[in-house]
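**Student:** Before we start, here is the structure in question, set down as structure tokens.
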Amino acid sequence: MRFKLNSRLISAAVVGLILAFVINKSWGSASFFDSKNISTFLVVGVALGGIYAITAGGLVVTYATTGIFNFAHAAIGCFLAFFYWQVTVQWHVPTLLGIFITLGIVAPLIGIGLDRLIMRRLRDAALVVQLMVTVGLMLTFMGVTLTVWSPKTGRTLDHFYQQSKGIEIGSVVATWHRIITVIIALVVAVALRWLLYRTRLGISMRAVVDSRSLAGLTGAKPSIISGASWALGCMTAGLAGILIAPETGLVVENLALIIIVAAAAAAIAQLKSIPMAFAGGLIIGLATSFSTTFLSFGTDWNYAGEAIPSVILFIALLFLPQARLETGKVRLTKRTERLTKPWEAGLGGVVLIVIVGAWANGWIPWFTGTTFGERSAVWLGRGAGFLVFGLIMLSLVPLIGWAGQVSFANFAIAGIGAVLFSHFGGQNGDPIGIVLVMLVCAPLGLAIALPALRLKGLYLALATMAFAEFTDKVIIRHPSMLDPSNSGVLYKPLKILGFSISTDTMDRKAFVMFLIITFASLFFMLEMLRRSRWARRWIAMSDSPAASATIGVNLTTTKMVVFMLSGAMAGFAGCMLGLQTGALRVDSFPMFVGLPIVLLLAAQGVRYPIAAFMGAIGLASFPAISELFGNPTWLTQLALVGPGIAAIVMAYRPEGGVFYAGRDLAGLLPWRQDAREEKVLLEAKIRAENIGKDEINDLGLTRPFTAEKVSQLDRILDVTDALDEHPTTPRKVMS
Amino acid sequence: MTPILETKDVVVRFGVLQAVSRASIEVIEGRVTGLIGPNGAGKTTCFNVITGLQEPTSGKVLFEGQDITNKNPYKRARLGIARTFQKLEVFGSLSARENILVAAEQRKTWDRSGFSPAAVCNEILEKTGLSDVSEFMVGTLPTGTARLVELARALASNPRVLLLDEPSSGLNEEETADMAALLRTFVAEGLAVLLVEHDMSFVMGTCEYIHVLDFGTIIASGTPPEVQANSAVQAAYLGTETVEEAS
């Protein structure tokens with residue numbers, strides 16, 4: 001006990017010292033003792049904090065009552081803010097009515113709809129599925145918003161009472177908008193508190209948090225509770241969106257990124273305490289305002305201020321109590337699966353090389369047309385790009401698929417890898433550089449995970465997303481990483497064993513062939529790894545951490561190994577990304593670009609290495625589909641919405657496309673007698689489950705069942721003993 | 001005989017609720033020790049304290065006289081403590097063989113006796129009668145079989161003390177008898193077993209020594225006849241009818 005206290009104190013001291021150093025180092029020209037500066041800092045900070053508090057409070061209420069962390073929270077708020085703009089600015093509906101329509105009608109409808117269609121199915125789903133579906137929703141809401149309200153036209157939302165001046169506080173004017181914001185935040189805080197502690201619905205909601213099954217026994221209706229909870233979540237998200245849009249501008253990325261803020265505040269609240277979520281929101285608002293008022297990070301760290309929420313999230317994770325090893329949470333999926341034999345994996349790799357090779361050489365007749373999948377320089381270039389993304393997906397298979405550690409950071413790691421490769425040998429086409437990059441990226445992958453290793457899986461997902469954002473805003477934009485003034489080509493063609501692999505943008509054939517051969521080799525390697533003791537241990541750890549620990553598995557080191565492997569693979573993919581793009585830009589690695597990679601892999605089945613190839617095909621299919629329709633405007637966001645919807649489908653088909661395809665198609669392979677038998681059994685089972693359904697429909701059987709109809713059905717179904725088996729119900733029917 | 005495993009005055013408090021209060025349990029090699037008591041008496045909590053999944057509020061856990069109260073669960077496993085769980089904790093997406101293999105391979109990290117994990121795995125599959133289902137994913141197996149997989153997995157780490165949490169639940173009469181026979185063969189080889197069980201005939205038939213927990217407190221310890229004769233036990237839990245039926 002004493003040791004734990006000490007370790008926390010030490011962490012606090014270290015964090016305090018680093019903060020003091022950063023603040024001291026980057027102190028701007030503003031004096032802290034100037035009352036005007038202090039007032040600005042507080043007025044802006046409290047107003048911003050109020051908005052963050054509202055959105056974080058809503059997120060925590062939803063998580064606490066439904067057990068689902070909604071990554072789409074801020075994206076829904078963003079959609080509602082745009083909707084509000086449409087209603088009040090475009091359609092000239094009065095402000096209050098517009099607010100009522102947006103928050104009182106549309107927001108609850110979205111919430112209830114999500115609950116009905118998607119969220120209820122996720123309640124008992126695996127964490128991976130829950131995360132993928134809500135991240136998918138985030139991309140979908142972003143994509144839909146971008147489609148409906150094209151980002152090419154600028155839009156602004158006025159502050160409330162923009163014309164009047166506001167109140168002067170210590171020589172700083174607090175605009176009415178900000179005053180209203182603070183008042184609304186206070187009202188929302190009081191209202192949530194009242195709702196949860198003073199109303200029947202709220203008390204049921206809290207009861208659900210404690211024990212879902214027990215709450216059900218007391219007569220609380222779970223469906224009403226979860227519906228109300230999602231409606232409430234969407235309303236707070238929309239409210240925050242409307243309040244913040246005048247400050248940040250109606251820009252989809254900015255508004256959707258507030259999820260990082262909400263996640264950081266939720267982490268401070270340990271995902272359960274609503275007052276702490278409000279406090280967390282306020283802290284982030286104040287910290288942001290403090291940095292804009294007093295600090296100046298200089299040109300090298302230009303965007304550091306935007307990374308403040310990510311940093312606060314990381315700090316919050318350091319102080320969270322260690323998660324207990326819980327028992328009784330094992331989910332037994334009734335899934336059958338068979339280990340791939342080495343020769344099958346080898347054959348699979350060869351097939352991949354043959355297919356892609358035939359495509360790249362123009363031997364597949366349908367894909368050599370002029371538009372769809374044309375074997376042009378453009379499509380070969382795209383093909384190389386998708387194969388690189390496929391390599392990133394491969395790096396996620398052991399991490400997410402086997403060890404169950406959901407990470408959104410691998411695209412960022414690949415980005416760092418790509419940049420490093422331009423310093424470490426990529427500029428000369430030296431393959432040793434790739435090894436060096438992998439050696440750096442392995443511990444990097446570990447370092448990102450370190451603060452979340454001892455916590456439950458959701459925190460890891462939050463931490464990795466925050467890291468992806470931090471990488472984009474701080475690491476890659478630093479001039480010593482990527483010089484923004486250098487727009488030239490950073491890489492030379494790779495020289496291996498005397499061969500030079502051309503990356504000429506006009507003819508990517510050689511490079512595509514090189515990529516598919518590497519891809520197939522890594523695919524084979526992973527299939528072999530799956531048969532090894534390491535993969536077994538990772539899967540065991542993911543299935544039951546408690547049981548793994550009690551057979552002697554050191555969970556920490558086991559996780560560390562898989563993070564390093566995944567980091568190294570992502571670093572390798574990064575080198576390929578560098579070679580593929582040739583010239584990197586500082587804005588090549590936004591957090592949102594990495595998400596579709598994870599989602600499409602998951603939608604294909606994150607346990608299976610082949611899903612990485614199918615995922616890459618999925619990525620390629622979006623521009624192909626768009627081309628097929630002649631690139632209409634309503635499909636411009638397909639690359640965002642497509643992966644989003646693919647992930648949402650996981651709520652219905654959680655195992656991923658490869659699994660279902662394998663179950664249906666494996667029997668076609670001549671040597672897979674087992675798959676054919678399996679399929680016959682499955683079909684028999686489905687028939688047994690549906691027995692009588694068609695007949696009942698044919699007879700037009702409805703309540704009350706007449707004796708005549710029942711005996712008719714018995715005759716059709718050839719049932720004679722039904723009465724003996726269920727002596728009570730049918731007898732009632734007969735009378 | 002000195003106990004290989006003992007708990008000394010273990011207390012576990014969850015908020016105001018005292019789940020276990022000053023429980024002292026002894027487990028001796030070559031013997032099946034029973035831990036019985038009504039639902040919520042704190043039996044599983046005791047198991048969690050012994051295996052390190054639950055930190056006790058106070059008290060000690062000793063293994064061969066050595067204090068292991070603050071050791072990580074995996075380090076205790078390496079000393080030779082293995083367990084099964086009341087609610088299944090199998091590795092559902094691995095095959096039955098892989099479930100056992102994971103444990104056997106893990107044992108390689110501390111056991112330098114040069115055994116082959118694959119051979120150990122086959123031997124245990126044979127002994128537990130799981131050979132026929134060894135290639136099936138455990139998630140698709142019936143509960144009774146999955147429970148056997150859990151036992152086999154625990155055995156694969158070659159434990160010196162085996163903690164079984166309701167091994168017979170989900171098993172039919174025949175399977176329960178098989179399980180009891182299996183336990184006896186391992187105990188005869190010197191294994192120490194601590195058993196939580198509701199099936200009284202199973203307990204009375206296999207255990208040589210029994211601790212009775214009620215509301216977190218040990219209210220009686222002794223041989224099955226002694227425990228059955230104990231009036232506190234009868235009052236708290238067993239009831240006269242059950243005792244007659246069991247004996």
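Residue numbering restarts at 1 in every chain; chains get A, B, ... in the order shown in the structure tokens, and ligands count up from 1 in that same order.
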Among segment 79-153 of chain B, which residues does DSSP mark as alpha helix (DSSP H) when it is run on the backbone? Keep the chain and numbering as in the structure and answer as a VMD selection string.
**Tutor:** chain B and resid 79 96 to 107 117 to 128 143 to 153
**Student:** Limited to C-alpha atoms, could you put the picked residues into a file as a tab-separated table (two decimals), in the first residue's frame?
**Tutor:**
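Ended up saving to out_31.tsv:
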chain	number	residue	atom	x	y	z
B	79	LEU	CA	5.84	-22.07	-7.34
B	96	ALA	CA	-8.50	-28.18	-26.26
B	97	ARG	CA	-4.98	-29.32	-27.13
B	98	GLU	CA	-3.74	-25.73	-27.37
B	99	ASN	CA	-5.32	-24.89	-24.00
B	100	ILE	CA	-3.20	-27.56	-22.38
B	101	LEU	CA	-0.18	-26.83	-24.53
B	102	VAL	CA	-0.12	-23.17	-23.44
B	103	ALA	CA	0.18	-24.24	-19.82
B	104	ALA	CA	2.76	-26.92	-20.59
B	105	GLU	CA	4.87	-24.48	-22.62
B	106	GLN	CA	4.59	-21.90	-19.90
B	107	ARG	CA	5.93	-24.44	-17.44
B	117	PRO	CA	5.43	-29.84	-23.74
B	118	ALA	CA	3.84	-31.75	-26.60
B	119	ALA	CA	4.41	-35.07	-24.86
B	120	VAL	CA	3.05	-33.74	-21.55
B	121	CYS	CA	0.05	-32.44	-23.43
B	122	ASN	CA	-0.65	-35.82	-25.04
B	123	GLU	CA	-0.24	-37.61	-21.75
B	124	ILE	CA	-2.73	-35.32	-20.01
B	125	LEU	CA	-5.19	-35.53	-22.91
B	126	GLU	CA	-5.00	-39.28	-22.53
B	127	LYS	CA	-5.44	-39.26	-18.76
B	128	THR	CA	-8.38	-36.89	-18.78
B	143	THR	CA	-19.68	-27.13	-20.36
B	144	GLY	CA	-18.78	-30.43	-18.73
B	145	THR	CA	-16.03	-31.09	-21.26
B	146	ALA	CA	-14.78	-27.52	-21.03
B	147	ARG	CA	-14.52	-27.93	-17.27
B	148	LEU	CA	-12.36	-30.98	-17.86
B	149	VAL	CA	-10.18	-28.91	-20.21
B	150	GLU	CA	-9.70	-26.41	-17.40
B	151	LEU	CA	-8.62	-29.20	-15.07
B	152	ALA	CA	-6.28	-30.60	-17.71
B	153	ARG	CA	-4.78	-27.16	-18.23
**Student:** Residues of chain A that have any atom at most 12 Å from an atom of chain B: could you tabulate them with the shortest-distance atom pair and the distance in Å to one decimal, using only C-alpha atoms, ordered by chain and increasing number, as a tab-separated table?
**Tutor:**
residue	atom	partner	partner_atom	distance
A:Met1	CA	B:Thr57	CA	10.2
A:Phe3	CA	B:Asn70	CA	11.8
A:Ala323	CA	B:Leu53	CA	10.9
A:Arg324	CA	B:Leu53	CA	7.4
A:Leu325	CA	B:Leu53	CA	6.1
A:Glu326	CA	B:Leu53	CA	7.8
A:Thr327	CA	B:Glu89	CA	7.2
A:Gly328	CA	B:Lys87	CA	5.5
A:Lys329	CA	B:Glu89	CA	8.1
A:Val330	CA	B:Glu89	CA	6.0
A:Arg331	CA	B:Gly92	CA	7.6
A:Leu332	CA	B:Gly139	CA	4.8
A:Thr333	CA	B:Gly139	CA	5.6
A:Lys334	CA	B:Thr140	CA	4.8
A:Arg335	CA	B:Thr140	CA	6.4
A:Thr336	CA	B:Met137	CA	6.1
A:Glu337	CA	B:Met137	CA	6.9
A:Arg338	CA	B:Glu135	CA	8.1
A:Leu339	CA	B:Ser95	CA	9.4
A:Gly401	CA	B:Ser93	CA	11.2
A:Trp402	CA	B:Ser93	CA	9.7
A:Ala403	CA	B:Ser93	CA	11.7
A:Gly404	CA	B:Ser93	CA	11.9
A:Arg530	CA	B:Leu94	CA	10.9
A:Arg531	CA	B:Glu98	CA	9.6
A:Ser532	CA	B:Val102	CA	10.0
A:Arg533	CA	B:Val102	CA	6.8
A:Trp534	CA	B:Val102	CA	9.0
A:Ala535	CA	B:Val102	CA	9.6
A:Arg536	CA	B:Val102	CA	6.3
A:Arg537	CA	B:Val102	CA	6.1
A:Trp538	CA	B:Val102	CA	9.7
A:Ile539	CA	B:Ser93	CA	7.4
A:Ala540	CA	B:Phe91	CA	5.3
A:Met541	CA	B:Phe91	CA	8.2
A:Ser542	CA	B:Phe91	CA	8.3
A:Asp543	CA	B:Phe91	CA	5.2
A:Ser544	CA	B:Glu89	CA	6.0
A:Pro545	CA	B:Glu89	CA	8.9
A:Ala546	CA	B:Leu53	CA	7.3
A:Ala547	CA	B:Glu89	CA	6.0
A:Ser548	CA	B:Tyr74	CA	8.0
A:Ala549	CA	B:Tyr74	CA	4.8
A:Thr550	CA	B:Ala77	CA	5.5
A:Ile551	CA	B:Ala77	CA	5.5
A:Gly552	CA	B:Tyr74	CA	3.9
A:Val553	CA	B:Tyr74	CA	5.5
A:Asn554	CA	B:Tyr74	CA	5.7
A:Leu555	CA	B:Tyr74	CA	8.2
A:Thr556	CA	B:Tyr74	CA	10.5
A:Thr557	CA	B:Tyr74	CA	11.4
A:Thr558	CA	B:Gln106	CA	11.3
A:Arg607	CA	B:Ser93	CA	10.3
A:Glu655	CA	B:Ser93	CA	11.8
A:Asp674	CA	B:Glu135	CA	11.8
A:Glu678	CA	B:Phe136	CA	11.7
**Student:** When you count only C-alpha atoms, which of these residues is closest to Pro275 of chain A: A:Leu139, A:Val60, A:Val440, A:Ile183?
**Tutor:**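 Looking at the shortest contact to Pro275 of chain A, the residue is A:Val60.
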**Student:** Would you kindly return, as a ChimeraX atom specification, each protein, DNA or RNA residue with an atom no farther than 9 Å from any atom of segment 479-487 of chain A, considering only C-alpha atoms and excluding same-chain residues fewer than 3 positions away?
**Tutor:** /A:299-301,416,419-420,422-423,475-476,490,583-586
**Student:** Pull N, CA and C atoms from the residues just selected and write them as a compact mmCIF listing (two decimals), in the first residue's frame.
**Tutor:**
# COMPACT_ATOMS: atom_id res chain seq x y z
N THR A 299 8.18 28.15 -33.51
CA THR A 299 7.80 27.59 -34.80
C THR A 299 8.02 26.09 -34.88
N ASP A 300 9.04 25.58 -34.15
CA ASP A 300 9.32 24.15 -34.22
C ASP A 300 8.17 23.31 -33.66
N TRP A 301 7.54 23.83 -32.65
CA TRP A 301 6.47 23.08 -31.99
C TRP A 301 5.14 23.80 -32.19
N ILE A 416 5.94 7.72 -38.45
CA ILE A 416 7.24 8.03 -37.86
C ILE A 416 8.32 7.19 -38.55
N VAL A 419 9.23 8.70 -41.88
CA VAL A 419 10.07 9.89 -41.74
C VAL A 419 11.49 9.49 -41.35
N LEU A 420 11.58 8.57 -40.39
CA LEU A 420 12.91 8.16 -39.94
C LEU A 420 13.70 7.53 -41.09
N SER A 422 13.69 8.28 -44.08
CA SER A 422 14.27 9.30 -44.97
C SER A 422 15.58 9.84 -44.40
N HIS A 423 15.82 9.60 -43.11
CA HIS A 423 17.10 10.01 -42.52
C HIS A 423 18.08 8.84 -42.43
N ILE A 475 5.06 15.43 -33.29
CA ILE A 475 6.29 14.72 -33.65
C ILE A 475 6.66 14.95 -35.11
N ILE A 476 5.72 14.64 -36.02
CA ILE A 476 6.07 14.66 -37.44
C ILE A 476 6.27 16.10 -37.94
N LEU A 490 12.36 12.25 -51.14
CA LEU A 490 13.19 11.94 -49.98
C LEU A 490 13.86 10.58 -50.08
N ALA A 583 7.72 11.55 -51.66
CA ALA A 583 7.88 12.78 -50.89
C ALA A 583 6.78 12.83 -49.84
N LEU A 584 7.18 13.08 -48.59
CA LEU A 584 6.19 13.15 -47.52
C LEU A 584 5.84 14.60 -47.25
N ARG A 585 4.62 14.83 -46.83
CA ARG A 585 4.25 16.17 -46.37
C ARG A 585 4.00 16.10 -44.88
N VAL A 586 4.10 17.28 -44.21
CA VAL A 586 3.91 17.26 -42.75
C VAL A 586 2.48 16.89 -42.39
**Student:** Report, in Å with one decimal, the straight-line distance from atom CA of Thr140 of chain A to atom CA of Leu313 of chain A.
**Tutor:**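 Separation of atom CA of Thr140 of chain A and atom CA of Leu313 of chain A: 24.8 Å.
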